[in-house]
file final_35.txt (compact mmCIF, C-alpha atoms)
# COMPACT_ATOMS: atom_id res chain seq x y z
CA VAL A 10 180.71 233.88 55.70
CA PHE A 11 179.70 232.82 59.18
CA PHE A 12 179.99 229.17 58.23
CA ASN A 13 183.54 229.47 56.93
CA ASP A 14 184.64 231.01 60.24
CA PHE A 15 182.67 228.39 62.14
CA ARG A 16 184.28 225.56 60.18
CA GLU A 17 187.79 226.90 60.81
CA MET A 18 187.12 227.20 64.53
CA ALA A 19 185.63 223.72 64.60
CA PHE A 20 188.72 222.21 63.01
CA SER A 21 190.92 224.09 65.48
CA VAL A 22 189.03 222.59 68.41
CA LEU A 23 189.08 219.07 66.97
CA SER A 24 192.80 219.27 66.29
CA ALA A 25 193.43 220.66 69.78
CA THR A 26 191.52 217.93 71.58
CA PRO A 27 194.04 216.53 74.09
CA LEU A 28 195.16 212.95 74.19
CA PRO A 29 194.53 211.01 77.42
CA ALA A 30 196.79 212.21 80.22
CA ALA A 31 199.61 210.07 81.51
CA MET A 32 198.96 208.23 84.76
CA GLY A 33 199.23 210.56 87.74
CA VAL A 34 198.99 213.73 85.64
CA ALA A 35 195.78 215.76 85.72
CA PRO A 36 194.22 216.00 82.26
CA PRO A 37 194.09 219.50 80.76
CA LEU A 38 190.84 221.40 80.66
CA PRO A 39 188.72 220.79 77.55
CA PRO A 40 189.08 223.42 74.84
CA PRO A 41 186.59 226.28 74.88
CA PHE A 42 183.60 226.10 72.59
CA PRO A 43 184.61 227.96 69.42
CA ILE A 44 181.38 229.85 68.67
CA ASP A 45 178.84 231.77 70.70
CA VAL A 46 175.15 231.04 70.65
CA GLU A 47 174.24 234.21 68.76
CA ARG A 48 176.45 233.31 65.82
CA PHE A 49 175.19 229.74 65.82
CA ILE A 50 171.57 230.94 65.71
CA ALA A 51 172.49 233.21 62.80
CA GLU A 52 173.96 230.22 60.96
CA LEU A 53 170.73 228.29 61.44
CA ALA A 54 168.71 231.12 59.93
CA GLU A 55 170.60 230.88 56.63
CA PRO A 56 169.40 228.01 54.40
CA SER A 57 172.81 227.85 52.72
CA THR A 58 174.69 227.22 55.98
CA ALA A 59 172.16 225.64 58.34
CA ALA A 60 172.89 221.97 57.54
CA HIS A 61 176.67 222.39 57.70
CA ALA A 62 176.49 224.41 60.92
CA CYS A 63 174.33 221.72 62.53
CA ALA A 64 176.67 218.94 61.46
CA ALA A 65 179.69 220.84 62.79
CA PHE A 66 177.95 221.59 66.08
CA ALA A 67 176.91 217.97 66.61
CA THR A 68 180.54 216.91 66.15
CA LEU A 69 181.89 219.67 68.40
CA ALA A 70 179.45 218.74 71.15
CA THR A 71 181.31 215.43 71.51
CA LYS A 72 184.68 217.16 71.85
CA ALA A 73 184.07 220.31 73.89
CA GLN A 74 181.73 221.29 76.68
CA VAL A 75 178.64 223.03 75.33
CA PRO A 76 178.04 226.30 77.24
CA GLY A 77 174.78 226.69 79.10
CA SER A 78 174.00 229.72 76.97
CA PHE A 79 173.17 227.35 74.11
CA ARG A 80 169.89 226.70 75.88
CA GLY A 81 168.86 229.82 73.97
CA ALA A 82 169.29 227.98 70.67
CA ILE A 83 166.38 225.61 71.31
CA PRO A 84 163.75 227.79 69.55
CA ALA A 85 166.00 228.20 66.50
CA VAL A 86 166.74 224.48 66.32
CA LEU A 87 163.06 223.58 66.62
CA GLY A 88 162.33 226.19 63.96
CA LEU A 89 164.82 224.53 61.64
CA VAL A 90 163.29 221.11 62.27
CA ALA A 91 159.87 222.54 61.45
CA ARG A 92 160.97 224.66 58.49
CA GLU A 93 159.50 223.76 55.13
CA GLN A 94 162.25 223.38 52.55
CA THR A 95 162.24 222.49 48.89
CA VAL A 96 165.99 222.21 48.35
CA SER A 97 167.59 218.84 47.76
CA SER A 98 169.31 218.96 51.17
CA PHE A 99 165.98 218.78 53.01
CA PRO A 100 166.53 215.34 54.60
CA GLU A 101 170.13 216.11 55.54
CA THR A 102 169.17 219.46 57.09
CA LYS A 103 166.43 217.88 59.19
CA GLU A 104 168.70 215.03 60.27
CA SER A 105 171.47 217.44 61.25
CA ALA A 106 169.01 219.67 63.13
CA LEU A 107 167.74 216.67 65.08
CA ALA A 108 171.32 215.68 65.91
CA VAL A 109 171.82 219.18 67.36
CA LEU A 110 168.60 218.86 69.33
CA VAL A 111 169.79 215.55 70.79
CA ALA A 112 173.12 217.14 71.76
CA LEU A 113 171.45 220.12 73.42
CA LEU A 114 168.99 217.94 75.33
CA ALA A 115 171.84 215.73 76.54
CA CYS A 116 174.36 218.46 77.41
CA VAL A 117 172.58 221.68 78.37
CA PRO A 118 170.60 222.00 81.63
CA GLY A 119 167.15 223.41 81.02
CA ALA A 120 167.11 222.58 77.32
CA ALA A 121 164.61 219.75 77.78
CA GLU A 122 162.15 221.96 79.64
CA ASP A 123 162.44 224.68 76.97
CA ALA A 124 161.97 222.09 74.24
CA ILE A 125 158.74 220.88 75.85
CA LYS A 126 157.49 224.48 76.00
CA GLY A 127 158.34 224.76 72.31
CA LYS A 128 156.08 221.78 71.48
CA VAL A 129 159.06 219.58 70.63
CA ILE A 130 156.96 216.43 70.37
CA ASP A 131 154.64 217.91 67.75
CA VAL A 132 157.48 219.55 65.82
CA VAL A 133 159.73 216.49 65.72
CA LEU A 134 156.93 214.05 64.94
CA ALA A 135 155.74 216.17 62.03
CA ALA A 136 159.25 216.19 60.55
CA ALA A 137 159.74 212.46 61.15
CA GLN A 138 156.46 211.53 59.50
CA LYS A 139 157.26 213.60 56.41
CA ALA A 140 160.67 211.92 56.21
CA GLU A 141 158.99 208.48 56.01
CA GLY A 142 161.33 206.77 58.44
CA GLY A 143 164.59 208.52 57.66
CA LEU A 144 164.58 210.50 60.91
CA ASP A 145 163.30 207.76 63.22
CA LEU A 146 166.55 207.10 65.10
CA ASN A 147 167.27 210.71 66.06
CA THR A 148 163.59 211.22 66.82
CA MET A 149 163.61 208.28 69.20
CA GLU A 150 166.82 209.43 70.88
CA SER A 151 165.48 212.94 71.46
CA PHE A 152 162.35 211.51 73.08
CA ARG A 153 164.40 209.09 75.18
CA ILE A 154 166.44 211.95 76.63
CA LEU A 155 163.31 214.00 77.31
CA ALA A 156 161.88 211.10 79.30
CA THR A 157 164.91 211.06 81.62
CA VAL A 158 164.40 214.71 82.67
CA ASP A 159 161.80 214.74 85.43
CA ALA A 160 160.39 218.21 84.74
CA ALA A 161 160.11 217.51 81.02
CA ALA A 162 158.55 214.09 81.57
CA CYS A 163 155.94 215.52 83.96
CA ALA A 164 155.09 218.30 81.49
CA LEU A 165 154.75 215.70 78.76
CA VAL A 166 152.36 213.61 80.86
CA GLU A 167 150.23 216.69 81.48
CA ASP A 168 149.95 217.25 77.72
CA GLY A 169 147.75 214.30 76.88
CA ASP A 170 147.71 214.92 73.14
CA ALA A 171 151.50 215.07 72.94
CA MET A 172 151.84 211.86 74.95
CA ASP A 173 149.24 210.18 72.74
CA ASN A 174 151.19 211.11 69.62
CA LEU A 175 154.55 210.12 71.08
CA ILE A 176 153.48 206.68 72.24
CA ARG A 177 151.59 206.01 69.01
CA PHE A 178 154.73 206.83 67.04
CA VAL A 179 156.86 204.60 69.27
CA THR A 180 154.52 201.62 69.45
CA ASP A 181 154.12 201.64 65.66
CA ARG A 182 157.87 201.00 65.43
CA CYS A 183 158.32 198.32 68.08
CA VAL A 184 158.41 195.56 65.48
CA GLY A 185 160.37 197.49 62.86
CA SER A 186 158.63 199.84 60.46
CA SER A 187 158.28 198.61 56.89
CA VAL A 188 159.00 202.15 55.67
CA VAL A 189 162.38 202.52 57.34
CA LEU A 190 164.85 202.91 54.50
CA GLY A 191 163.21 200.29 52.31
CA ASN A 192 163.94 196.69 53.19
CA ASN A 193 167.03 197.29 55.28
CA GLY A 194 166.38 194.80 58.05
CA ASN A 195 169.29 195.96 60.21
CA VAL A 196 167.94 199.51 60.34
CA GLN A 197 164.48 198.23 61.16
CA GLU A 198 165.88 196.23 64.05
CA ILE A 199 167.79 199.24 65.41
CA VAL A 200 164.65 201.37 65.22
CA ALA A 201 162.67 198.65 67.00
CA GLU A 202 165.30 198.42 69.74
CA SER A 203 165.25 202.21 70.17
CA ALA A 204 161.45 202.24 70.36
CA LEU A 205 161.49 199.51 73.01
CA ASP A 206 164.21 201.32 74.96
CA LEU A 207 161.97 204.37 75.11
CA LEU A 208 158.92 202.39 76.26
CA CYS A 209 161.01 200.65 78.91
CA GLY A 210 162.43 203.98 80.07
CA LEU A 211 158.95 205.42 80.49
CA ALA A 212 157.68 202.29 82.24
CA ALA A 213 160.66 202.22 84.61
CA LYS A 214 160.35 205.86 85.68
CA ARG A 215 159.47 206.15 89.37
CA SER A 216 160.21 209.77 90.29
CA ASP A 217 156.87 210.79 88.75
CA GLY A 218 154.85 208.39 90.87
CA GLY A 219 154.32 206.02 87.97
CA LEU A 220 152.60 208.53 85.67
CA CYS A 221 154.81 207.70 82.68
CA ARG A 222 154.29 204.00 83.21
CA ASP A 223 150.53 204.53 83.38
CA ALA A 224 150.72 206.54 80.16
CA VAL A 225 152.31 203.56 78.41
CA VAL A 226 149.83 201.06 79.83
CA THR A 227 146.72 203.08 79.03
CA ARG A 228 147.84 203.70 75.44
CA ASN A 229 148.09 200.05 74.35
CA GLY A 230 151.71 199.70 75.41
CA VAL A 231 151.23 196.14 76.65
CA ALA A 232 149.87 194.97 73.31
CA ALA A 233 152.71 196.72 71.48
CA LEU A 234 155.31 195.06 73.69
CA GLY A 235 153.63 191.70 73.18
CA ARG A 236 153.70 192.11 69.40
CA ALA A 237 157.34 193.11 69.58
CA LEU A 238 158.12 189.83 71.35
CA VAL A 239 156.11 187.78 68.85
CA PHE A 240 157.97 189.30 65.89
CA ALA A 241 161.36 189.70 67.58
CA ARG A 242 164.16 189.04 65.10
CA ASN A 243 166.90 188.79 67.70
CA ASP A 244 167.57 188.55 71.43
CA GLU A 245 168.16 192.30 71.74
CA ILE A 246 164.58 192.98 70.73
CA ALA A 247 163.20 190.04 72.71
CA VAL A 248 164.86 191.01 75.99
CA ARG A 249 163.64 194.61 75.69
CA ALA A 250 160.09 193.46 74.98
CA ILE A 251 160.15 191.08 77.94
CA LEU A 252 161.59 193.70 80.29
CA GLY A 253 158.88 196.15 79.25
CA LEU A 254 156.21 193.52 79.80
CA VAL A 255 157.51 192.68 83.27
CA MET A 256 157.11 196.37 84.18
CA THR A 257 153.68 196.86 82.63
CA THR A 258 151.71 193.73 83.57
CA ALA A 259 151.30 194.18 87.31
CA ASN A 260 147.54 193.59 87.42
CA GLU A 261 145.03 191.17 85.92
CA GLN A 262 143.73 193.54 83.25
CA GLN A 263 147.21 194.13 81.89
CA ARG A 264 148.02 190.42 81.92
CA ASN A 265 144.78 189.79 80.03
CA GLU A 266 145.90 192.28 77.39
CA LEU A 267 149.17 190.39 76.98
CA VAL A 268 147.56 186.96 76.72
CA ALA A 269 145.14 188.36 74.12
CA VAL A 270 148.01 189.24 71.77
CA PRO A 271 148.10 186.44 69.15
CA GLY A 272 151.20 184.33 69.63
CA ALA A 273 152.45 186.18 72.74
CA VAL A 274 152.26 183.31 75.21
CA ALA A 275 153.70 180.91 72.65
CA ALA A 276 156.56 183.36 72.11
CA LEU A 277 157.15 183.50 75.85
CA THR A 278 157.31 179.71 76.14
CA ARG A 279 159.86 179.59 73.35
CA ALA A 280 161.81 182.36 75.06
CA THR A 281 162.21 180.20 78.18
CA ARG A 282 164.49 177.99 76.11
CA SER A 283 166.56 180.82 74.65
CA PRO A 284 170.35 180.47 74.93
CA ASP A 285 170.39 184.10 76.10
CA GLY A 286 170.23 184.11 79.89
CA ASP A 287 168.42 187.45 80.16
CA VAL A 288 165.75 186.44 77.67
CA LYS A 289 165.28 183.06 79.33
CA GLY A 290 165.18 184.47 82.87
CA GLY A 291 162.79 187.29 82.05
CA ALA A 292 160.45 184.98 80.15
CA LYS A 293 160.28 182.54 83.07
CA ILE A 294 159.51 185.33 85.53
CA LEU A 295 156.75 186.68 83.32
CA LEU A 296 155.23 183.28 82.59
CA LYS A 297 155.23 182.42 86.28
CA ALA A 298 153.28 185.61 86.99
CA LEU A 299 150.81 184.77 84.23
CA GLY A 300 150.46 181.21 85.45
CA GLY A 301 149.63 182.41 88.94
CA ASP A 302 146.47 184.08 87.63
CA GLU A 303 143.71 181.45 87.75
CA ALA A 304 141.53 183.23 85.23
CA LEU A 305 144.28 183.15 82.60
CA ARG A 306 145.14 179.47 82.83
CA PRO A 307 142.77 178.27 80.06
CA ALA A 308 144.22 180.82 77.60
CA ILE A 309 147.76 179.95 78.63
CA ALA A 310 147.09 176.22 78.28
CA ALA A 311 145.72 176.77 74.79
CA ALA A 312 148.82 178.74 73.86
CA LEU A 313 151.04 175.99 75.22
CA ARG A 314 149.22 173.40 73.15
CA GLU A 315 149.71 175.58 70.10
CA THR A 316 153.42 175.84 70.84
CA MET A 317 153.83 172.09 71.30
CA ALA A 318 151.85 171.38 68.17
CA SER A 319 154.25 173.53 66.20
CA GLY A 320 157.16 171.51 67.52
CA ALA A 321 158.39 173.86 70.26
CA ALA A 322 159.01 172.32 73.65
CA ALA A 323 157.59 174.01 76.73
CA ASP A 324 158.42 172.83 80.22
CA LEU A 325 156.74 175.60 82.19
CA ASP A 326 155.43 174.66 85.64
CA LEU A 327 152.19 176.57 86.07
CA ALA A 328 151.35 175.06 89.41

call {"tool": "encode", "arguments": {"input": "final_35.txt", "output": "structure tokens"}}
result
Amino acid sequence: VFFNDFREMAFSVLSATPLPAAMGVAPPLPPPFPIDVERFIAELAEPSTAAHACAAFATLATKAQVPGSFRGAIPAVLGLVAREQTVSSFPETKESALAVLVALLACVPGAAEDAIKGKVIDVVLAAAQKAEGGLDLNTMESFRILATVDAAACALVEDGDAMDNLIRFVTDRCVGSSVVLGNNGNVQEIVAESALDLLCGLAAKRSDGGLCRDAVVTRNGVAALGRALVFARNDEIAVRAILGLVMTTANEQQRNELVAVPGAVAALTRATRSPDGDVKGGAKILLKALGGDEALRPAIAAALRETMASGAAADLDLA
């Protein structure tokens, strides 16, 4: 019953969404959100309506401003993500619930902090692992948004176990998981790009004094980024891997970790000849930094010989 009313109100909002205003005319206010948080929570509690209510909400969130009161829906949404279900709609329900979580994290102030208190990392990872790859994209997007909220990011850093689990999940997918929807290479590449975006976002964060960056570095992030570059299938993956490496190899120990990744230096030398300007420029910057470290020169020289032996040209000036 609730869902039928919710669906009718959703359609009314979508049909009432205004067209862009003419030049010089102020655009009208966005339509009001057609359901209150209490009714939405009630919809989530009903197995027969939960998936449809989530899908409708995720669509509405792109058309109308989500009220701040929907911060109160975070526990119910996390409960739905965690709920054990045996019906055939299990994957769709989880996917829709994660889409709602992403919308709430992106649109509602305070939602990220409440999600952290609700153990969002543990809840979402458990669902994603049971789905065997089918929830990876929404999982990655929810974590990416969490990392942009300072209070949530700091709370995450303080929870060492949660950060361990998050970064392990992300680094395992930097080269494209073999379990992501079978052999669909395009999906694997999108997942890899999303994983690298998240690592780069954590490494780039400065408002926390570098704590998120340190969390990436101390949890084998450099090696994961190096492997991503070695196995990069396209420039989008390569440029993300290189950017992450530039931000995580500031000292000798970290540069040693990169050089120790099989094929990483050879991949960097090949990247200096990429037709993509960002890939080429980033690779040259990173190789110059590596070449300036005297202790690494023998390993780099060996990698260069390997590259040339395989037929790839390398014109790096290490002097």

call {"tool": "residues_near_point", "arguments": {"input": "final_35.txt", "point": "(162.8, 219.5, 72.6)", "cutoff": "9 Å", "atoms": "all atoms listed in the file", "output": "count of residues only"}}
result
24

call {"tool": "residues_around", "arguments": {"input": "final_35.txt", "residues": "region 295-298 of chain A", "least_positions_apart": "5", "cutoff": "12 Å", "atoms": "all atoms listed in the file", "output": "ChimeraX atom specification"}}
result
/A:235,248,250-261,263-265,267-268,273-281,288-290,303,305-306,309-310,312-313,323-328

call {"tool": "atom_distance", "arguments": {"input": "final_35.txt", "atom1": "CA of Thr157 (chain A)", "atom2": "CA of Arg177 (chain A)"}}
result
19.0 Å

call {"tool": "closest_residue", "arguments": {"input": "final_35.txt", "among": "A:Asp287, A:Glu315, A:Asp181, A:Asp45", "to": "Pro271 (chain A)", "atoms": "all atoms listed in the file"}}
result
A:Glu315

call {"tool": "atom_distance", "arguments": {"input": "final_35.txt", "atom1": "CA of Leu89 (chain A)", "atom2": "CA of Val117 (chain A)"}}
result
18.7 Å

call {"tool": "residues_around", "arguments": {"input": "final_35.txt", "residues": "region 205-210 of chain A", "least_positions_apart": "4", "cutoff": "7 Å", "atoms": "only C-alpha atoms", "output": "list in words"}}
result
Arg153, Cys183, Ala201, Lys214, Arg249, Ala250 and Gly253 of chain A

call {"tool": "residues_around", "arguments": {"input": "final_35.txt", "residues": "Thr71 (chain A)", "least_positions_apart": "3", "cutoff": "10 Å", "atoms": "all atoms listed in the file", "output": "list in words"}}
result
Leu23, Phe66, Ala67, Thr68, Gln74, Val75, Ala112 and Cys116 of chain A

call {"tool": "residues_around", "arguments": {"input": "final_35.txt", "residues": "Ala73 (chain A)", "least_positions_apart": "4", "cutoff": "7 Å", "atoms": "all atoms listed in the file", "output": "number ranges by chain"}}
result
A: 39-42, 69

call {"tool": "axis_aligned_box", "arguments": {"input": "final_35.txt", "around": "region 122-137 of chain A", "padding_each_side": "5 Å", "output": "lines of an AutoDock Vina configuration file"}}
result
center_x = 158.5
center_y = 218.6
center_z = 70.1
size_x = 17.8
size_y = 22.3
size_z = 29.1

call {"tool": "atom_distance", "arguments": {"input": "final_35.txt", "atom1": "CA of Pro43 (chain A)", "atom2": "CA of Ala82 (chain A)"}}
result
15.4 Å

call {"tool": "closest_residue", "arguments": {"input": "final_35.txt", "among": "A:Gly230, A:Gly77, A:Pro284, A:Pro307", "to": "Ala115 (chain A)", "atoms": "all atoms listed in the file"}}
result
A:Gly77

call {"tool": "closest_residue", "arguments": {"input": "final_35.txt", "among": "A:Ile154, A:Ala62, A:Ala162, A:Ala311", "to": "Gly218 (chain A)", "atoms": "all atoms listed in the file"}}
result
A:Ala162

call {"tool": "decode", "arguments": {"input": "final_35.txt", "residues": "region 75-97 of chain A", "atoms": "N, CA and C atoms", "output": "tab-separated table (two decimals), in the first residue's frame"}}
result
chain	number	residue	atom	x	y	z
A	75	VAL	N	16.80	16.27	-1.37
A	75	VAL	CA	16.49	15.34	-0.29
A	75	VAL	C	16.52	16.10	1.03
A	76	PRO	N	15.44	16.07	1.81
A	76	PRO	CA	15.41	16.78	3.09
A	76	PRO	C	16.45	16.24	4.07
A	77	GLY	N	16.93	17.11	4.94
A	77	GLY	CA	17.90	16.69	5.94
A	77	GLY	C	17.37	15.65	6.89
A	78	SER	N	16.06	15.57	7.02
A	78	SER	CA	15.47	14.58	7.92
A	78	SER	C	15.78	13.15	7.49
A	79	PHE	N	16.16	12.97	6.21
A	79	PHE	CA	16.45	11.62	5.73
A	79	PHE	C	17.76	11.09	6.29
A	80	ARG	N	18.47	11.92	7.02
A	80	ARG	CA	19.62	11.41	7.78
A	80	ARG	C	19.16	10.28	8.70
A	81	GLY	N	17.92	10.39	9.17
A	81	GLY	CA	17.38	9.36	10.06
A	81	GLY	C	17.14	8.02	9.40
A	82	ALA	N	17.24	7.96	8.07
A	82	ALA	CA	17.04	6.70	7.37
A	82	ALA	C	18.30	5.85	7.28
A	83	ILE	N	19.43	6.39	7.68
A	83	ILE	CA	20.69	5.66	7.56
A	83	ILE	C	20.64	4.29	8.26
A	84	PRO	N	20.18	4.20	9.52
A	84	PRO	CA	20.14	2.86	10.14
A	84	PRO	C	19.27	1.87	9.37
A	85	ALA	N	18.12	2.32	8.86
A	85	ALA	CA	17.24	1.43	8.11
A	85	ALA	C	17.89	0.98	6.81
A	86	VAL	N	18.58	1.89	6.13
A	86	VAL	CA	19.24	1.53	4.87
A	86	VAL	C	20.37	0.54	5.13
A	87	LEU	N	21.17	0.80	6.16
A	87	LEU	CA	22.24	-0.15	6.50
A	87	LEU	C	21.64	-1.50	6.92
A	88	GLY	N	20.51	-1.46	7.60
A	88	GLY	CA	19.86	-2.71	7.97
A	88	GLY	C	19.42	-3.49	6.76
A	89	LEU	N	18.93	-2.79	5.74
A	89	LEU	CA	18.52	-3.46	4.51
A	89	LEU	C	19.72	-4.05	3.78
A	90	VAL	N	20.82	-3.32	3.76
A	90	VAL	CA	22.03	-3.84	3.12
A	90	VAL	C	22.50	-5.10	3.83
A	91	ALA	N	22.36	-5.12	5.15
A	91	ALA	CA	22.84	-6.26	5.93
A	91	ALA	C	21.84	-7.41	6.00
A	92	ARG	N	20.59	-7.15	5.65
A	92	ARG	CA	19.54	-8.14	5.86
A	92	ARG	C	19.77	-9.40	5.03
A	93	GLU	N	19.63	-10.53	5.68
A	93	GLU	CA	19.71	-11.81	4.97
A	93	GLU	C	18.39	-12.06	4.27
A	94	GLN	N	18.46	-12.36	2.98
A	94	GLN	CA	17.24	-12.61	2.21
A	94	GLN	C	17.42	-13.85	1.35
A	95	THR	N	16.33	-14.56	1.18
A	95	THR	CA	16.38	-15.77	0.36
A	95	THR	C	15.57	-15.63	-0.92
A	96	VAL	N	14.86	-14.49	-1.07
A	96	VAL	CA	14.04	-14.30	-2.25
A	96	VAL	C	14.92	-14.05	-3.46
A	97	SER	N	14.34	-14.23	-4.63
A	97	SER	CA	15.11	-14.11	-5.87
A	97	SER	C	15.57	-12.68	-6.13
